[in-house]
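Peer 1: Right, I'll just put the structure down here and ask away after.
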Amino acid sequence: MTSPVNAENSLPAGLYIVATPIGNLGDLSARAADILSRADVIAAEDTRVTAGLLRHIGVKRPMTPYHDHNAEHARPALIARMGHEVVALVSDAGTPLISDPGFKLVREARAAGHLVVTVPGPCAAVAALTLAGLPTDRFLFLGFLPPKEKARADAIAEVAAIRATLVLYESGPRLGACLAALAKGLGDREAAVTREITKRFEEAVTGTLSALADRYADAGPKGEIVVVVAPPDPPAPASLNDADAALTEALERLPASKAAGEVAKRLGLDRRDLYARALAMKGE
């Protein structure tokens, strides 16, 4: 399906997901500035914040609020406009849909057959990951943890065994309690507290979760905060006693070959060695 082109600005009509700076306005890409300057309407989390960004690039464009509290009401009109107009979606800072409303807008725009374009750029979660000095090959973004103690502990327990660096957002007043809960639920892993990324007072404070919890116990820092937590340590290699115990149990229900294969897969040991040991245990 070919999208209609807005005659005034030559952009195809549809939805444009535009990433905006997380602090330093100089991080706005030339492409993002061009899209915003030519959008027929900008769906903004807070129009006052987006107005400041538009002043920075020297343009004025129509805006409409689009946030958690009005999304259900505002979405149908935006979907209708995408059929013949350029609709830009922005959040207050960073990439839309990352801990911001918007995925339903994208889903319904696609269902209606409209063009959906992403204009990538800053993201606080990824920026914090680069500052933390922790493994980046595999990571899990958690957004904001629940504020209540029991729900927060349950959420942490769900991810405790995942072998990935964890990235989450937090507010200053809740930071100390959050770090203490992470230390309790995950163990005393290495972590980093990053804040004010790309701004004048950008910092990344590293240490163990317990040390960071102590540091921020009395007063959390100001600004936008991202917490990055190292993955769990790799499990200790299985011992000979572990292998023997597992083989003894497996041999009660399986022949030696299959028992060796099962235990090798479970404990990460060499199958041939386990097979020889299984035969010895059976006296063969």
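Chain labels follow the order of the structure tokens: the first chain is A, the next B, and so on; residue numbering restarts at 1 in every chain, and ligands are counted from 1 in their shown order.
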Contacts of range 119-126 of chain A at 9 Å or less, counting only C-alpha atoms, minus same-chain residues fewer than 4 places along, as a VMD selection string?
Peer 2: chain A and resid 16 to 22 27 to 29 31 to 32 35 93 to 96 98 130 to 131 141 143 167 to 169 197 224 to 228
Peer 1: Check range 52-275 of chain A with DSSP on the backbone and list each residue it calls alpha helix (DSSP H), as number ranges by chain.
Peer 2: A: 52-57, 71-81, 103-111, 124-132, 149-159, 175-186, 209-215, 240-251, 256-267, 271-275
Peer 1: Hey, which of A:Ala243, A:Leu25, A:Ala80, A:Ala111 ends up closest to Thr198 in chain A? Count only C-alpha atoms.
Peer 2: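 The closest residue to Thr198 in chain A is A:Leu25.
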Peer 1: Rounded to one decimal in Å, what is the spacing between CA of Ser37 in chain A and CA of Arg81 in chain A?
Peer 2: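 Value for the CA of Ser37 in chain A-CA of Arg81 in chain A distance: 17.4 Å.
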Peer 1: Find the residue from A:Gly207, A:Gly223, A:Pro76, A:Pro234 that sits nearest to Arg195 in chain A; use only C-alpha atoms when measuring.
Peer 2: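 Closest to Arg195 in chain A, using only C-alpha atoms: A:Gly223.
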Peer 1: Can you pull out every residue from range 8-234 of chain A that DSSP, working from the backbone, puts in strand (DSSP E), and format the result as a PyMOL selection string?
Peer 2: chain A and resi 14-18+41-44+63-65+86-90+116-119+139-144+165-170+190-195+203-208+225-229
Peer 1: With N, CA and C atoms kept, could you save the residues just selected as a compact mmCIF listing (two decimals), in the first residue's frame?
Peer 2:
# COMPACT_ATOMS: atom_id res chain seq x y z
N GLY A 14 1.35 9.46 7.65
CA GLY A 14 1.49 8.31 8.52
C GLY A 14 2.00 8.71 9.89
N LEU A 15 2.49 7.72 10.62
CA LEU A 15 2.98 7.93 11.98
C LEU A 15 4.50 7.90 11.98
N TYR A 16 5.11 8.92 12.57
CA TYR A 16 6.56 9.03 12.68
C TYR A 16 6.93 9.02 14.17
N ILE A 17 7.66 7.99 14.58
CA ILE A 17 8.07 7.85 15.99
C ILE A 17 9.43 8.53 16.12
N VAL A 18 9.47 9.67 16.79
CA VAL A 18 10.67 10.52 16.78
C VAL A 18 11.33 10.55 18.16
N VAL A 41 0.96 17.44 12.84
CA VAL A 41 0.63 17.49 14.25
C VAL A 41 1.66 16.65 15.00
N ILE A 42 2.01 17.12 16.19
CA ILE A 42 2.95 16.38 17.04
C ILE A 42 2.18 15.89 18.26
N ALA A 43 2.12 14.58 18.43
CA ALA A 43 1.50 13.99 19.62
C ALA A 43 2.56 13.93 20.71
N ALA A 44 2.38 14.73 21.75
CA ALA A 44 3.43 14.93 22.74
C ALA A 44 2.97 14.48 24.12
N MET A 63 0.38 20.92 18.13
CA MET A 63 0.64 19.81 19.04
C MET A 63 -0.67 19.37 19.69
N THR A 64 -0.69 18.11 20.11
CA THR A 64 -1.82 17.59 20.87
C THR A 64 -1.29 16.66 21.94
N PRO A 65 -1.85 16.67 23.13
CA PRO A 65 -1.35 15.80 24.20
C PRO A 65 -1.64 14.33 23.89
N VAL A 86 0.85 13.96 8.37
CA VAL A 86 2.06 13.48 9.03
C VAL A 86 1.89 13.69 10.53
N VAL A 87 1.82 12.58 11.28
CA VAL A 87 1.66 12.63 12.72
C VAL A 87 2.98 12.18 13.35
N ALA A 88 3.60 13.05 14.13
CA ALA A 88 4.85 12.72 14.83
C ALA A 88 4.55 12.41 16.29
N LEU A 89 5.09 11.32 16.78
CA LEU A 89 4.93 10.94 18.19
C LEU A 89 6.24 11.18 18.91
N VAL A 90 6.20 11.96 20.01
CA VAL A 90 7.40 12.20 20.82
C VAL A 90 7.06 11.99 22.30
N VAL A 116 4.16 3.52 9.14
CA VAL A 116 4.77 3.75 10.45
C VAL A 116 6.28 3.81 10.25
N VAL A 117 6.88 4.91 10.67
CA VAL A 117 8.32 5.16 10.47
C VAL A 117 8.94 5.47 11.82
N THR A 118 10.13 4.91 12.08
CA THR A 118 10.84 5.27 13.30
C THR A 118 12.02 6.16 12.97
N VAL A 119 12.23 7.16 13.79
CA VAL A 119 13.36 8.08 13.65
C VAL A 119 14.20 7.91 14.91
N PHE A 139 21.15 -7.81 27.79
CA PHE A 139 20.59 -7.01 28.88
C PHE A 139 19.07 -7.04 28.83
N LEU A 140 18.47 -6.76 29.99
CA LEU A 140 17.02 -6.78 30.13
C LEU A 140 16.57 -5.45 30.72
N PHE A 141 15.66 -4.77 30.01
CA PHE A 141 15.14 -3.50 30.48
C PHE A 141 13.88 -3.74 31.31
N LEU A 142 13.86 -3.22 32.54
CA LEU A 142 12.76 -3.46 33.47
C LEU A 142 11.83 -2.27 33.64
N GLY A 143 12.14 -1.14 33.03
CA GLY A 143 11.33 0.05 33.27
C GLY A 143 11.42 0.48 34.72
N PHE A 144 10.29 0.88 35.30
CA PHE A 144 10.22 1.22 36.72
C PHE A 144 9.73 0.02 37.51
N THR A 165 22.53 -8.40 32.11
CA THR A 165 22.60 -7.15 32.84
C THR A 165 21.20 -6.54 32.90
N LEU A 166 20.84 -6.03 34.07
CA LEU A 166 19.51 -5.45 34.27
C LEU A 166 19.60 -3.93 34.19
N VAL A 167 18.63 -3.31 33.54
CA VAL A 167 18.58 -1.85 33.41
C VAL A 167 17.19 -1.40 33.84
N LEU A 168 17.13 -0.43 34.75
CA LEU A 168 15.83 0.04 35.21
C LEU A 168 15.87 1.53 35.54
N TYR A 169 14.71 2.14 35.50
CA TYR A 169 14.57 3.55 35.84
C TYR A 169 14.12 3.68 37.30
N GLU A 170 14.50 4.77 37.93
CA GLU A 170 14.06 5.01 39.30
C GLU A 170 14.07 6.51 39.59
N GLU A 190 27.65 -6.17 41.41
CA GLU A 190 28.15 -4.88 40.96
C GLU A 190 27.02 -4.13 40.26
N ALA A 191 27.04 -2.82 40.39
CA ALA A 191 25.96 -2.02 39.80
C ALA A 191 26.46 -0.60 39.54
N ALA A 192 25.64 0.16 38.87
CA ALA A 192 25.94 1.57 38.62
C ALA A 192 24.66 2.38 38.73
N VAL A 193 24.78 3.56 39.31
CA VAL A 193 23.68 4.52 39.35
C VAL A 193 24.10 5.67 38.44
N THR A 194 23.38 5.83 37.34
CA THR A 194 23.69 6.91 36.41
C THR A 194 22.58 7.95 36.48
N ARG A 195 22.96 9.20 36.30
CA ARG A 195 21.94 10.26 36.34
C ARG A 195 22.36 11.43 35.48
N GLU A 203 26.70 11.81 35.71
CA GLU A 203 27.62 10.99 36.51
C GLU A 203 27.17 9.54 36.48
N ALA A 204 28.14 8.65 36.72
CA ALA A 204 27.89 7.23 36.87
C ALA A 204 28.65 6.78 38.10
N VAL A 205 27.91 6.46 39.17
CA VAL A 205 28.52 6.02 40.42
C VAL A 205 28.44 4.50 40.47
N THR A 206 29.58 3.84 40.60
CA THR A 206 29.62 2.38 40.56
C THR A 206 29.98 1.81 41.92
N GLY A 207 29.63 0.55 42.12
CA GLY A 207 29.93 -0.13 43.37
C GLY A 207 29.00 -1.32 43.52
N THR A 208 29.05 -1.97 44.68
CA THR A 208 28.11 -3.06 44.92
C THR A 208 26.74 -2.49 45.25
N ILE A 225 17.27 9.15 36.70
CA ILE A 225 18.17 8.12 37.21
C ILE A 225 17.94 6.80 36.49
N VAL A 226 19.04 6.16 36.10
CA VAL A 226 19.00 4.81 35.53
C VAL A 226 19.94 3.94 36.35
N VAL A 227 19.44 2.79 36.80
CA VAL A 227 20.24 1.84 37.57
C VAL A 227 20.59 0.67 36.65
N VAL A 228 21.86 0.29 36.67
CA VAL A 228 22.34 -0.84 35.86
C VAL A 228 22.95 -1.86 36.81
N VAL A 229 22.53 -3.12 36.71
CA VAL A 229 22.97 -4.17 37.64
C VAL A 229 23.61 -5.31 36.86
Peer 1: Of the candidates A:Lys258, A:Lys199, A:Arg266, A:Lys222, which one gets nearest to Ala278 in chain A if we count only C-alpha atoms?
Peer 2: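 The closest residue to Ala278 in chain A is A:Lys258.
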Peer 1: Give the answer as one residue: which of A:Pro221, A:Gly185, A:Gly26, A:Pro235 has the shortest atom-to-atom distance to Lys150 in chain A, using only C-alpha atoms?
Peer 2: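 Closest to Lys150 in chain A of all the choices is A:Gly185.
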Peer 1: I need the residue nearest Ala127 in chain A from this list: A:Gly23, A:Gly102, A:Gly172, A:Pro232. Use only C-alpha atoms for the distance.
Peer 2: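 Among the listed residues, A:Gly23 lies closest to Ala127 in chain A.
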Peer 1: I need the residue nearest Leu186 in chain A from this list: A:Ala213, A:Met281, A:Ala153, A:Leu145. Use only C-alpha atoms for the distance.
Peer 2: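 Checking each of A:Ala213, A:Met281, A:Ala153, A:Leu145 against Leu186 in chain A, counting only C-alpha atoms, the winner is A:Ala153.
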Peer 1: Skipping near chain neighbours, those fewer than 6 positions away, what residues fall within 12 Å of Ala250 in chain A using only C-alpha atoms, listed as a ChimeraX atom specification?
Peer 2: /A:243-244,256-264,266,274-275,278,281-282
Peer 1: For the residues in that selection, give me all heavy atoms as a compact mmCIF listing (two decimals), in the first residue's frame.
Peer 2:
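File written: result-v4.txt
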# COMPACT_ATOMS: atom_id res chain seq x y z
N ALA A 243 28.13 -35.13 40.18
CA ALA A 243 27.96 -36.03 39.04
C ALA A 243 27.53 -37.41 39.49
O ALA A 243 26.62 -38.01 38.90
CB ALA A 243 29.27 -36.09 38.26
N ASP A 244 28.17 -37.93 40.54
CA ASP A 244 27.81 -39.26 41.03
C ASP A 244 26.38 -39.32 41.52
O ASP A 244 25.65 -40.27 41.24
CB ASP A 244 28.77 -39.67 42.15
CG ASP A 244 30.13 -40.09 41.63
OD1 ASP A 244 30.27 -40.24 40.40
OD2 ASP A 244 31.06 -40.26 42.44
N ALA A 256 22.63 -46.71 30.86
CA ALA A 256 23.84 -45.91 31.11
C ALA A 256 24.04 -44.81 30.08
O ALA A 256 24.38 -43.67 30.44
CB ALA A 256 25.06 -46.84 31.15
N SER A 257 23.83 -45.11 28.80
CA SER A 257 24.06 -44.12 27.75
C SER A 257 23.15 -42.91 27.91
O SER A 257 23.59 -41.75 27.86
CB SER A 257 23.87 -44.75 26.39
OG SER A 257 24.03 -43.78 25.36
N LYS A 258 21.85 -43.18 28.11
CA LYS A 258 20.89 -42.07 28.24
C LYS A 258 21.08 -41.33 29.56
O LYS A 258 20.91 -40.10 29.62
CB LYS A 258 19.47 -42.60 28.11
CG LYS A 258 19.12 -43.07 26.71
CD LYS A 258 17.66 -43.43 26.59
CE LYS A 258 17.31 -43.81 25.15
NZ LYS A 258 15.88 -44.16 25.01
N ALA A 259 21.43 -42.05 30.61
CA ALA A 259 21.69 -41.39 31.90
C ALA A 259 22.86 -40.43 31.78
O ALA A 259 22.82 -39.31 32.28
CB ALA A 259 21.96 -42.44 32.97
N ALA A 260 23.92 -40.88 31.10
CA ALA A 260 25.09 -40.02 30.92
C ALA A 260 24.73 -38.78 30.11
O ALA A 260 25.16 -37.66 30.42
CB ALA A 260 26.20 -40.80 30.23
N GLY A 261 23.92 -38.96 29.06
CA GLY A 261 23.53 -37.81 28.25
C GLY A 261 22.70 -36.80 29.02
O GLY A 261 22.89 -35.59 28.89
N GLU A 262 21.77 -37.31 29.82
CA GLU A 262 20.91 -36.41 30.60
C GLU A 262 21.73 -35.61 31.60
O GLU A 262 21.56 -34.38 31.74
CB GLU A 262 19.85 -37.23 31.33
CG GLU A 262 18.93 -36.39 32.21
CD GLU A 262 17.97 -37.22 33.01
OE1 GLU A 262 16.97 -37.69 32.43
OE2 GLU A 262 18.22 -37.40 34.23
N VAL A 263 22.63 -36.29 32.33
CA VAL A 263 23.43 -35.60 33.35
C VAL A 263 24.43 -34.64 32.71
O VAL A 263 24.68 -33.54 33.23
CB VAL A 263 24.15 -36.63 34.24
CG1 VAL A 263 25.09 -35.93 35.22
CG2 VAL A 263 23.12 -37.47 35.00
N ALA A 264 24.97 -35.01 31.56
CA ALA A 264 25.91 -34.12 30.87
C ALA A 264 25.24 -32.81 30.49
O ALA A 264 25.80 -31.73 30.66
CB ALA A 264 26.45 -34.82 29.62
N ARG A 266 22.51 -31.50 31.89
CA ARG A 266 22.08 -30.76 33.07
C ARG A 266 23.25 -30.09 33.79
O ARG A 266 23.14 -28.95 34.25
CB ARG A 266 21.37 -31.71 34.03
CG ARG A 266 20.67 -30.97 35.18
CD ARG A 266 20.31 -31.88 36.34
NE ARG A 266 19.86 -33.19 35.92
CZ ARG A 266 19.80 -34.22 36.77
NH1 ARG A 266 20.16 -34.09 38.04
NH2 ARG A 266 19.37 -35.40 36.34
N LEU A 274 31.14 -39.20 31.69
CA LEU A 274 30.01 -39.63 32.50
C LEU A 274 29.54 -41.04 32.12
O LEU A 274 29.14 -41.83 32.99
CB LEU A 274 28.85 -38.63 32.35
CG LEU A 274 29.06 -37.27 33.01
CD1 LEU A 274 27.97 -36.30 32.57
CD2 LEU A 274 29.08 -37.39 34.52
N TYR A 275 29.62 -41.35 30.83
CA TYR A 275 29.22 -42.69 30.39
C TYR A 275 30.15 -43.75 30.97
O TYR A 275 29.70 -44.80 31.47
CB TYR A 275 29.22 -42.75 28.87
CG TYR A 275 28.84 -44.11 28.31
CD1 TYR A 275 27.62 -44.71 28.63
CD2 TYR A 275 29.70 -44.80 27.46
CE1 TYR A 275 27.26 -45.95 28.13
CE2 TYR A 275 29.35 -46.05 26.94
CZ TYR A 275 28.14 -46.61 27.29
OH TYR A 275 27.78 -47.86 26.78
N ALA A 278 29.30 -44.12 34.54
CA ALA A 278 28.03 -44.85 34.71
C ALA A 278 28.24 -46.34 34.55
O ALA A 278 27.68 -47.15 35.32
CB ALA A 278 27.02 -44.33 33.71
N MET A 281 29.84 -47.64 37.67
CA MET A 281 28.90 -47.69 38.78
C MET A 281 27.98 -48.91 38.67
O MET A 281 27.53 -49.45 39.67
CB MET A 281 28.06 -46.40 38.83
CG MET A 281 28.90 -45.16 39.19
SD MET A 281 27.97 -43.61 39.02
CE MET A 281 26.85 -43.74 40.40
N LYS A 282 27.69 -49.31 37.43
CA LYS A 282 26.83 -50.47 37.20
C LYS A 282 27.63 -51.78 37.21
O LYS A 282 27.06 -52.87 37.10
CB LYS A 282 26.08 -50.34 35.88
CG LYS A 282 25.06 -49.19 35.85
CD LYS A 282 24.28 -49.16 34.57
CE LYS A 282 23.37 -50.38 34.48
NZ LYS A 282 22.45 -50.28 33.31
Peer 1: CA of Asp40 in chain A to CA of Asp68 in chain A: how many Å, to one decimal?
Peer 2: 22.1 Å
Peer 1: In Å, with one decimal, what is the gap from CA of Leu36 in chain A to CA of Leu115 in chain A?
Peer 2: 16.4 Å
